[in-house]
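So this one's model_36.csv, CSV, C-alpha atoms:
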```csv
chain,number,residue,atom,x,y,z
A,1,MET,CA,-7.9,16.4,1.7
A,2,GLU,CA,-7.2,13.6,4.2
A,3,THR,CA,-3.7,12.1,3.8
A,4,PHE,CA,-3.5,9.9,6.9
A,5,LEU,CA,0.0,11.2,7.6
A,6,THR,CA,1.2,12.7,10.9
A,7,GLN,CA,3.7,15.5,11.4
A,8,GLY,CA,7.2,14.3,10.6
A,9,ASP,CA,6.2,11.3,8.5
A,10,LEU,CA,8.4,10.8,5.4
A,11,LYS,CA,6.6,11.1,2.1
A,12,LEU,CA,8.7,8.0,1.1
A,13,GLY,CA,7.3,4.5,1.3
A,14,PHE,CA,9.4,1.4,1.5
A,15,GLY,CA,8.2,-0.9,-1.3
A,16,LEU,CA,8.8,-4.5,-0.5
A,17,MET,CA,8.6,-5.9,-4.1
A,18,ARG,CA,12.3,-5.9,-4.9
A,19,LEU,CA,14.0,-6.8,-1.7
A,20,PRO,CA,17.7,-7.9,-1.5
A,21,LYS,CA,18.4,-11.5,-2.2
A,22,LEU,CA,20.8,-14.1,-1.0
A,23,PRO,CA,22.6,-16.5,-3.4
A,24,GLY,CA,19.9,-18.9,-4.5
A,25,GLY,CA,17.1,-16.3,-4.6
A,26,LYS,CA,15.8,-16.2,-1.0
A,27,ILE,CA,15.1,-12.8,0.5
A,28,ASP,CA,18.1,-11.5,2.6
A,29,ILE,CA,16.2,-10.9,5.9
A,30,GLU,CA,19.3,-9.5,7.7
A,31,THR,CA,19.9,-6.8,5.1
A,32,THR,CA,16.2,-6.1,4.8
A,33,ALA,CA,16.1,-5.5,8.6
A,34,ARG,CA,19.0,-3.1,8.4
A,35,MET,CA,17.3,-1.2,5.7
A,36,ALA,CA,14.0,-1.1,7.7
A,37,ASP,CA,15.9,0.1,10.8
A,38,ALA,CA,17.4,3.0,8.8
A,39,PHE,CA,14.1,3.8,7.2
A,40,LEU,CA,12.3,4.0,10.6
A,41,ALA,CA,15.1,5.9,12.2
A,42,ALA,CA,14.8,8.6,9.5
A,43,GLY,CA,11.1,9.0,10.2
A,44,GLY,CA,9.7,6.6,7.6
A,45,THR,CA,6.6,4.6,8.6
A,46,TYR,CA,4.9,3.3,5.4
A,47,PHE,CA,5.8,-0.2,4.2
A,48,ASP,CA,4.1,-1.5,1.0
A,49,THR,CA,3.8,-5.2,0.1
A,50,ALA,CA,1.2,-7.5,-1.4
A,51,TYR,CA,-0.2,-11.1,-1.1
A,52,VAL,CA,1.4,-12.0,-4.5
A,53,TYR,CA,4.8,-10.4,-4.0
A,54,GLU,CA,7.5,-13.0,-4.0
A,55,ARG,CA,4.8,-15.6,-3.8
A,56,GLY,CA,4.1,-14.5,-0.2
A,57,GLU,CA,7.7,-14.3,0.9
A,58,SER,CA,7.5,-10.5,0.9
A,59,GLU,CA,4.8,-10.4,3.6
A,60,LYS,CA,6.8,-12.9,5.7
A,61,ALA,CA,10.0,-10.9,5.3
A,62,PHE,CA,8.1,-7.8,6.6
A,63,PHE,CA,7.1,-9.8,9.7
A,64,GLU,CA,10.6,-10.9,10.4
A,65,ALA,CA,12.4,-7.6,9.6
A,66,VAL,CA,9.9,-5.2,11.1
A,67,VAL,CA,6.9,-6.6,13.1
A,68,GLN,CA,9.1,-8.8,15.3
A,69,ARG,CA,11.6,-6.1,16.0
A,70,HIS,CA,9.7,-2.8,16.3
A,71,PRO,CA,6.7,-1.5,18.2
A,72,ARG,CA,3.4,-1.8,16.3
A,73,GLU,CA,2.7,1.9,16.6
A,74,SER,CA,6.1,2.8,14.9
A,75,PHE,CA,5.1,1.7,11.4
A,76,THR,CA,2.1,1.3,9.0
A,77,ILE,CA,1.7,-1.5,6.6
A,78,CYS,CA,-0.1,-1.6,3.2
A,79,THR,CA,-0.8,-4.9,1.5
A,80,LYS,CA,-3.1,-6.0,-1.3
A,81,LEU,CA,-5.7,-8.5,-2.5
A,82,ASN,CA,-5.3,-9.7,-6.1
A,83,ALA,CA,-8.5,-11.3,-7.6
A,84,TRP,CA,-6.8,-12.6,-10.7
A,85,GLN,CA,-3.5,-14.2,-9.4
A,86,GLN,CA,-3.1,-17.1,-7.0
A,87,CYS,CA,-6.8,-17.5,-6.6
A,88,HIS,CA,-9.7,-19.1,-8.6
A,89,ASP,CA,-12.9,-18.1,-6.9
A,90,GLU,CA,-14.5,-15.8,-4.4
A,91,ALA,CA,-13.5,-17.9,-1.4
A,92,SER,CA,-9.8,-18.1,-2.4
A,93,ALA,CA,-9.8,-14.4,-3.2
A,94,LYS,CA,-11.1,-13.4,0.2
A,95,GLN,CA,-8.7,-15.9,1.9
A,96,GLN,CA,-5.9,-13.7,0.7
A,97,PHE,CA,-6.9,-11.1,3.3
A,98,TYR,CA,-6.7,-13.6,6.2
A,99,THR,CA,-3.5,-15.1,4.9
A,100,SER,CA,-1.9,-11.6,4.7
A,101,LEU,CA,-3.0,-10.9,8.3
A,102,GLU,CA,-1.3,-14.1,9.4
A,103,ARG,CA,1.9,-13.6,7.3
A,104,THR,CA,2.4,-10.1,8.4
A,105,GLY,CA,1.5,-10.6,12.0
A,106,ALA,CA,0.5,-7.0,12.2
A,107,GLY,CA,-2.8,-7.6,13.9
A,108,TYR,CA,-4.6,-5.1,11.6
A,109,LEU,CA,-3.7,-3.5,8.3
A,110,ASP,CA,-3.3,0.2,8.2
A,111,PHE,CA,-3.9,0.4,4.4
A,112,TYR,CA,-5.4,-2.2,2.1
A,113,LEU,CA,-5.7,-2.2,-1.6
A,114,LEU,CA,-7.7,-4.1,-4.2
A,115,HIS,CA,-4.7,-4.9,-6.4
A,116,ALA,CA,-3.9,-3.8,-10.0
A,117,LEU,CA,-7.3,-3.1,-11.4
A,118,GLN,CA,-7.4,-3.0,-15.2
A,119,ARG,CA,-9.8,-3.7,-18.0
A,120,SER,CA,-9.1,-7.4,-18.1
A,121,ASN,CA,-9.9,-8.1,-14.4
A,122,TYR,CA,-11.9,-5.3,-12.7
A,123,HIS,CA,-15.1,-7.2,-13.1
A,124,LEU,CA,-13.8,-10.0,-10.8
A,125,TYR,CA,-13.7,-7.5,-7.9
A,126,ASP,CA,-17.5,-7.1,-8.4
A,127,GLU,CA,-18.2,-10.7,-9.1
A,128,TYR,CA,-16.4,-11.8,-5.9
A,129,HIS,CA,-18.0,-9.0,-3.8
A,130,LEU,CA,-14.7,-7.8,-2.7
A,131,TRP,CA,-15.6,-4.1,-2.4
A,132,ASP,CA,-18.2,-5.1,0.2
A,133,PHE,CA,-15.7,-7.5,1.8
A,134,VAL,CA,-13.1,-4.8,2.5
A,135,ARG,CA,-15.7,-2.5,3.8
A,136,GLU,CA,-16.7,-5.2,6.3
A,137,GLN,CA,-13.2,-5.7,7.4
A,138,LYS,CA,-12.8,-2.0,8.0
A,139,GLU,CA,-16.0,-2.0,10.1
A,140,LYS,CA,-14.4,-4.8,12.2
A,141,GLY,CA,-11.2,-2.7,12.7
A,142,LEU,CA,-9.0,-5.1,10.7
A,143,ILE,CA,-8.5,-2.4,8.0
A,144,ARG,CA,-7.9,1.2,8.8
A,145,HIS,CA,-8.1,2.6,5.2
A,146,TYR,CA,-8.9,1.0,1.9
A,147,GLY,CA,-8.4,1.8,-1.8
A,148,PHE,CA,-7.2,0.3,-5.0
A,149,SER,CA,-4.2,0.3,-7.2
A,150,PHE,CA,-4.8,0.9,-10.9
A,151,HIS,CA,-3.3,0.1,-14.3
A,152,ALA,CA,-5.7,1.1,-17.0
A,153,ASP,CA,-7.3,4.0,-18.9
A,154,PRO,CA,-8.6,7.2,-17.3
A,155,ALA,CA,-12.2,6.4,-18.2
A,156,LEU,CA,-12.2,3.3,-16.1
A,157,LEU,CA,-10.6,5.1,-13.2
A,158,GLU,CA,-13.4,7.7,-13.3
A,159,GLU,CA,-16.0,4.9,-13.5
A,160,LEU,CA,-14.5,3.1,-10.5
A,161,LEU,CA,-14.2,6.3,-8.3
A,162,ALA,CA,-17.8,7.3,-9.2
A,163,ALA,CA,-19.1,3.8,-8.3
A,164,HIS,CA,-17.2,3.5,-5.0
A,165,PRO,CA,-17.2,7.0,-3.5
A,166,ASP,CA,-16.0,5.7,-0.1
A,167,VAL,CA,-12.6,4.6,-1.5
A,168,GLU,CA,-10.1,6.5,0.7
A,169,PHE,CA,-7.1,6.6,-1.6
A,170,VAL,CA,-5.8,5.4,-4.9
A,171,GLN,CA,-2.4,4.1,-6.0
A,172,LEU,CA,-1.2,5.2,-9.5
A,173,GLN,CA,1.8,4.9,-11.7
A,174,ILE,CA,3.3,8.3,-12.0
A,175,ASN,CA,6.7,9.4,-13.2
A,176,TYR,CA,8.1,12.1,-15.5
A,177,ALA,CA,8.5,9.6,-18.4
A,178,ASP,CA,4.9,8.5,-18.2
A,179,TRP,CA,3.3,11.9,-17.4
A,180,GLU,CA,2.0,12.4,-21.0
A,181,TYR,CA,2.5,8.8,-22.2
A,182,PRO,CA,-0.9,7.5,-23.4
A,183,GLY,CA,0.0,3.9,-22.4
A,184,VAL,CA,-0.1,4.9,-18.8
A,185,ALA,CA,-1.8,8.3,-18.8
A,186,SER,CA,-0.2,9.4,-15.6
A,187,ARG,CA,-1.4,13.0,-15.9
A,188,ALA,CA,-4.9,12.2,-16.8
A,189,CYS,CA,-5.3,9.6,-14.0
A,190,TYR,CA,-3.7,11.9,-11.5
A,191,GLU,CA,-6.1,14.7,-12.5
A,192,ILE,CA,-9.1,12.4,-12.1
A,193,ALA,CA,-8.0,11.4,-8.6
A,194,ARG,CA,-7.6,15.1,-7.7
A,195,ARG,CA,-11.1,15.8,-9.0
A,196,PHE,CA,-12.5,13.1,-6.8
A,197,HIS,CA,-10.5,14.5,-3.8
A,198,LYS,CA,-8.6,11.2,-3.3
A,199,PRO,CA,-5.1,11.1,-1.9
A,200,VAL,CA,-2.6,9.5,-4.2
A,201,VAL,CA,0.1,6.9,-3.5
A,202,VAL,CA,2.6,6.9,-6.3
A,203,MET,CA,4.1,3.6,-7.6
A,204,GLU,CA,6.9,3.2,-10.1
A,205,PRO,CA,8.2,6.8,-9.7
A,206,VAL,CA,11.5,5.6,-11.2
A,207,LYS,CA,9.7,3.4,-13.8
A,208,GLY,CA,11.0,0.1,-12.5
A,209,GLY,CA,14.5,1.5,-12.1
A,210,ALA,CA,14.8,2.8,-15.7
A,211,LEU,CA,14.9,6.4,-14.6
A,212,ALA,CA,17.7,5.6,-12.2
A,213,HIS,CA,19.8,4.8,-15.3
A,214,PRO,CA,18.3,7.2,-17.9
A,215,ALA,CA,19.3,7.7,-21.5
A,216,SER,CA,22.6,9.6,-21.9
A,217,SER,CA,20.8,12.7,-23.3
A,218,VAL,CA,18.6,12.8,-20.2
A,219,GLY,CA,21.5,12.1,-17.8
A,220,ARG,CA,23.5,15.0,-19.2
A,221,ILE,CA,20.6,17.4,-18.5
A,222,LEU,CA,20.1,16.2,-15.0
A,223,LYS,CA,23.9,16.2,-14.1
A,224,ALA,CA,24.4,19.7,-15.6
A,225,ALA,CA,21.6,21.0,-13.3
A,226,ASP,CA,22.9,19.3,-10.2
A,227,PRO,CA,26.1,17.1,-10.4
A,228,GLN,CA,25.6,15.8,-6.9
A,229,ALA,CA,22.0,14.6,-7.2
A,230,SER,CA,21.3,11.0,-8.1
A,231,TYR,CA,19.1,10.4,-11.2
A,232,ALA,CA,16.6,8.6,-8.9
A,233,SER,CA,16.3,11.7,-6.7
A,234,TRP,CA,15.0,13.7,-9.6
A,235,ALA,CA,12.3,11.1,-10.4
A,236,ILE,CA,11.1,10.6,-6.8
A,237,ARG,CA,11.1,14.3,-6.0
A,238,TYR,CA,9.1,15.0,-9.1
A,239,ALA,CA,6.4,12.6,-8.0
A,240,ALA,CA,6.5,13.8,-4.4
A,241,SER,CA,6.1,17.4,-5.4
A,242,LEU,CA,2.7,16.9,-6.9
A,243,GLU,CA,-0.2,18.3,-4.8
A,244,GLY,CA,-2.3,15.6,-3.3
A,245,VAL,CA,0.4,12.9,-3.3
A,246,MET,CA,0.6,11.5,0.2
A,247,MET,CA,3.2,8.8,-0.4
A,248,VAL,CA,5.8,7.9,-3.0
A,249,LEU,CA,6.9,4.2,-3.0
A,250,SER,CA,10.4,3.2,-3.8
A,251,GLY,CA,11.2,-0.5,-4.2
A,252,MET,CA,14.6,-0.4,-2.7
A,253,SER,CA,16.9,-3.5,-3.2
A,254,ASN,CA,20.0,-2.6,-1.2
A,255,GLN,CA,21.3,-0.3,1.6
A,256,ASP,CA,22.8,2.2,-0.9
A,257,GLN,CA,19.5,2.8,-2.5
A,258,MET,CA,17.9,3.3,1.0
A,259,ALA,CA,20.7,5.8,2.0
A,260,ASP,CA,20.3,7.7,-1.3
A,261,ASN,CA,16.5,8.0,-1.0
A,262,LEU,CA,16.7,9.1,2.7
A,263,SER,CA,19.3,11.7,1.8
A,264,PHE,CA,16.8,13.8,-0.1
A,265,MET,CA,13.5,12.7,1.4
A,266,LYS,CA,14.3,13.0,5.1
A,267,ASP,CA,14.1,16.8,4.7
A,268,PHE,CA,11.9,16.8,1.6
A,269,ARG,CA,12.1,19.9,-0.6
A,270,PRO,CA,9.6,20.1,-3.5
A,271,LEU,CA,11.1,20.8,-7.0
A,272,SER,CA,11.7,24.5,-7.5
A,273,PHE,CA,10.5,26.3,-10.6
A,274,ALA,CA,14.0,26.0,-12.1
A,275,GLU,CA,14.1,22.3,-11.3
A,276,GLN,CA,10.7,21.8,-12.9
A,277,GLU,CA,12.1,23.3,-16.1
A,278,VAL,CA,15.0,20.8,-15.9
A,279,ILE,CA,12.5,18.0,-15.8
A,280,ARG,CA,10.6,19.4,-18.8
A,281,LYS,CA,14.0,19.5,-20.7
A,282,ALA,CA,14.5,15.8,-19.7
A,283,GLN,CA,11.0,15.0,-21.0
A,284,ARG,CA,11.7,16.7,-24.3
A,285,ALA,CA,15.0,14.7,-24.6
A,286,LEU,CA,13.1,11.5,-24.0
A,287,ALA,CA,10.7,12.4,-26.8
A,288,GLN,CA,13.5,13.3,-29.2
A,289,GLN,CA,15.4,10.0,-28.7
A,290,GLN,CA,12.3,8.0,-29.8
A,291,SER,CA,12.3,6.3,-33.2
A,292,ILE,CA,9.0,7.4,-34.8
A,293,GLY,CA,9.3,11.2,-35.4
A,294,CYS,CA,5.7,11.9,-34.6
A,295,THR,CA,5.1,15.4,-33.1
A,296,ALA,CA,1.5,14.5,-31.9
A,297,CYS,CA,0.0,17.3,-33.9
A,298,HIS,CA,-3.1,15.1,-34.6
A,299,TYR,CA,-3.6,16.3,-38.1
A,300,CYS,CA,-3.7,12.7,-39.1
A,301,THR,CA,-6.6,11.8,-36.9
A,302,GLU,CA,-9.0,14.7,-37.7
A,303,ASP,CA,-10.5,12.8,-40.7
A,304,CYS,CA,-9.5,9.2,-39.9
A,305,PRO,CA,-12.6,7.1,-40.8
A,306,GLN,CA,-11.6,4.4,-38.3
A,307,GLY,CA,-10.9,6.8,-35.4
A,308,ILE,CA,-7.4,5.4,-34.9
A,309,PRO,CA,-5.4,7.4,-32.3
A,310,ILE,CA,-2.2,7.3,-34.4
A,311,PRO,CA,0.0,9.6,-32.3
A,312,GLU,CA,-0.9,7.7,-29.2
A,313,ILE,CA,-0.1,4.3,-30.8
A,314,PHE,CA,3.2,5.7,-32.0
A,315,ALA,CA,4.0,6.9,-28.5
A,316,VAL,CA,3.4,3.4,-27.1
A,317,SER,CA,5.7,2.0,-29.8
A,318,ASN,CA,8.4,4.5,-29.1
A,319,GLN,CA,8.2,4.0,-25.3
A,320,GLN,CA,8.3,0.2,-25.8
A,321,LYS,CA,11.5,0.5,-27.7
A,322,ALA,CA,13.1,2.7,-25.0
A,323,PHE,CA,11.7,0.8,-22.0
A,324,PRO,CA,10.8,-2.8,-23.1
A,325,THR,CA,8.1,-4.4,-21.0
A,326,TRP,CA,7.4,-8.1,-20.3
A,327,ASP,CA,4.2,-8.0,-22.4
A,328,ARG,CA,5.9,-6.3,-25.4
A,329,GLY,CA,3.7,-3.2,-25.1
A,330,ARG,CA,0.3,-4.9,-25.2
A,331,GLY,CA,-0.9,-3.5,-21.9
A,332,PRO,CA,0.0,0.2,-22.7
A,333,TYR,CA,-1.4,-0.3,-26.2
A,334,ALA,CA,-4.7,-1.5,-24.8
A,335,ILE,CA,-4.9,1.6,-22.6
A,336,ALA,CA,-4.0,4.0,-25.4
A,337,THR,CA,-6.6,2.5,-27.8
A,338,GLN,CA,-9.4,1.9,-25.3
A,339,GLY,CA,-12.7,2.8,-27.0
A,340,ARG,CA,-10.9,3.8,-30.2
A,341,GLY,CA,-9.6,2.3,-33.4
A,342,LYS,CA,-6.6,0.0,-33.4
A,343,ALA,CA,-3.7,-0.3,-35.9
A,344,SER,CA,-5.3,-3.3,-37.5
A,345,ASP,CA,-8.5,-1.3,-38.3
A,346,CYS,CA,-6.5,0.8,-40.8
A,347,ILE,CA,-8.1,0.6,-44.3
A,348,GLN,CA,-5.1,2.3,-45.9
A,349,CYS,CA,-7.1,5.2,-47.3
A,350,GLY,CA,-4.0,7.4,-47.0
A,351,GLN,CA,-5.6,10.6,-45.7
A,352,CYS,CA,-3.3,10.5,-42.6
A,353,GLU,CA,-0.2,10.5,-44.8
A,354,SER,CA,-1.4,13.4,-46.9
A,355,ALA,CA,-2.1,15.4,-43.7
A,356,CYS,CA,1.2,14.5,-41.9
A,357,PRO,CA,3.6,17.5,-41.8
A,358,GLN,CA,6.4,15.2,-41.0
A,359,GLN,CA,5.7,13.1,-44.1
A,360,LEU,CA,5.7,9.9,-42.1
A,361,PRO,CA,4.9,6.5,-43.8
A,362,ILE,CA,2.0,6.1,-41.4
A,363,ILE,CA,0.3,3.2,-43.0
A,364,SER,CA,3.5,1.0,-42.9
A,365,LEU,CA,4.2,2.2,-39.3
A,366,LEU,CA,0.8,1.2,-38.2
A,367,GLU,CA,1.3,-2.3,-39.7
A,368,ASP,CA,4.4,-2.7,-37.6
A,369,CYS,CA,2.4,-1.6,-34.5
A,370,ARG,CA,-0.1,-4.4,-34.9
A,371,LYS,CA,2.2,-6.7,-33.1
A,372,MET,CA,1.2,-5.0,-29.8
A,373,GLU,CA,-2.4,-6.0,-30.2
```

Could you rewrite the structure in this file as structure tokens?
Amino acid sequence: METFLTQGDLKLGFGLMRLPKLPGGKIDIETTARMADAFLAAGGTYFDTAYVYERGESEKAFFEAVVQRHPRESFTICTKLNAWQQCHDEASAKQQFYTSLERTGAGYLDFYLLHALQRSNYHLYDEYHLWDFVREQKEKGLIRHYGFSFHADPALLEELLAAHPDVEFVQLQINYADWEYPGVASRACYEIARRFHKPVVVMEPVKGGALAHPASSVGRILKAADPQASYASWAIRYAASLEGVMMVLSGMSNQDQMADNLSFMKDFRPLSFAEQEVIRKAQRALAQQQSIGCTACHYCTEDCPQGIPIPEIFAVSNQQKAFPTWDRGRGPYAIATQGRGKASDCIQCGQCESACPQQLPIISLLEDCRKME
């Protein structure tokens, strides 16, 4: 499996979405430059940004902090084309590529992604002929490798990889909290990428910072196993230990985060068997702290006339309460129910409640879950 990495490259990517800020909200270029210097000095090469990050200021910050100050061969840059934000037609979507080239000043883009494909927008990438467009830019030498980042259900991922076999890599949300979570389906998506022999870039390994400050029950497990290790190190090493993962992105916001990440990724050591068991204990603790006591036995779904994935819906509700999202769970809910019944489809026949070994009031719980539709 091609990974595009050379000997000595860190498996850690510097995500440029959450850069340090000055009072007033502007990106702190001086601090960003110091962080980039430390990253490159430790053997890091992979910087990740996007046309839409910070409304373009992220790409400009990369130019000032890295391109102007370091030899072009010392780093690689990945940026992205978003067909559903900050554009309105095919021409404006394609213009994002040329604007990114200009903002970054990189001359060419080592890695280029069609950005954040999901059920609500993936058709735009076809309608705007963007798959052909990026292939053309690769033929011209302006893109070295192209792929897409993904936020949807496994069935769509399989469809896209089958339709576009020349895709060279995929970017997926993978972390130990989302591994079996149906609203993200990290495991299922990872396994599909492996089946198609695509290298994986991991985004959100710390779940937007949530796993750097985990629930107390999880924190106790991790600290008991290794009092010196940061919570973030467990999450990042978990993702980096997966076979076929070529890069794990970390959106670092200050020099302390950079120093911590480099401390365990400079001489990366995959999780041992014992450490994998610690993660499994942490995953069980996450499940136990959730509010709906569903054990996902699926007895309730065997005879559901509406085909409602009840345990998956409850998992989304539980996760939303533990890690609130900007859309109040609607995105994960859509992934978990794709092609299946929704909470609002319940006809209150009661067969699920009679089958539930936990004696949950499933009908009323489903009513509450309708707010995520």

Contacts of Arg237 in chain A within 9 Å, all atoms listed in the file, excl. fewer than 4 positions in-chain, as a PyMOL selection string: chain A and resi 205+232-233+241-242+248+264-265+268-271

Surrounding residues of Ser58 in chain A excluding itself and chain neighbours under 3 positions, 9 Å, all atoms listed in the file, as a ChimeraX atom specification: /A:16-19,27,49-55,61-63

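With CA of Asn318 in chain A on one side and CA of Ile292 in chain A on the other, the separation reads 6.4 Å.
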
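One distance worth recording is that between CA of Tyr299 in chain A and CA of Pro361 in chain A, which is 14.2 Å.
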
Protein, DNA and RNA residues within 12 Å of (-15.5, -8.9, -2.8), all atoms listed in the file, as a ChimeraX atom specification: /A:81-83,89-97,113-114,122-137

Point (-2.7, -4.6, 13.8), cut-off 10 Å, counting all atoms listed in the file, residues as a VMD selection string: chain A and resid 67 72 to 73 76 to 77 101 104 to 110 141 to 144
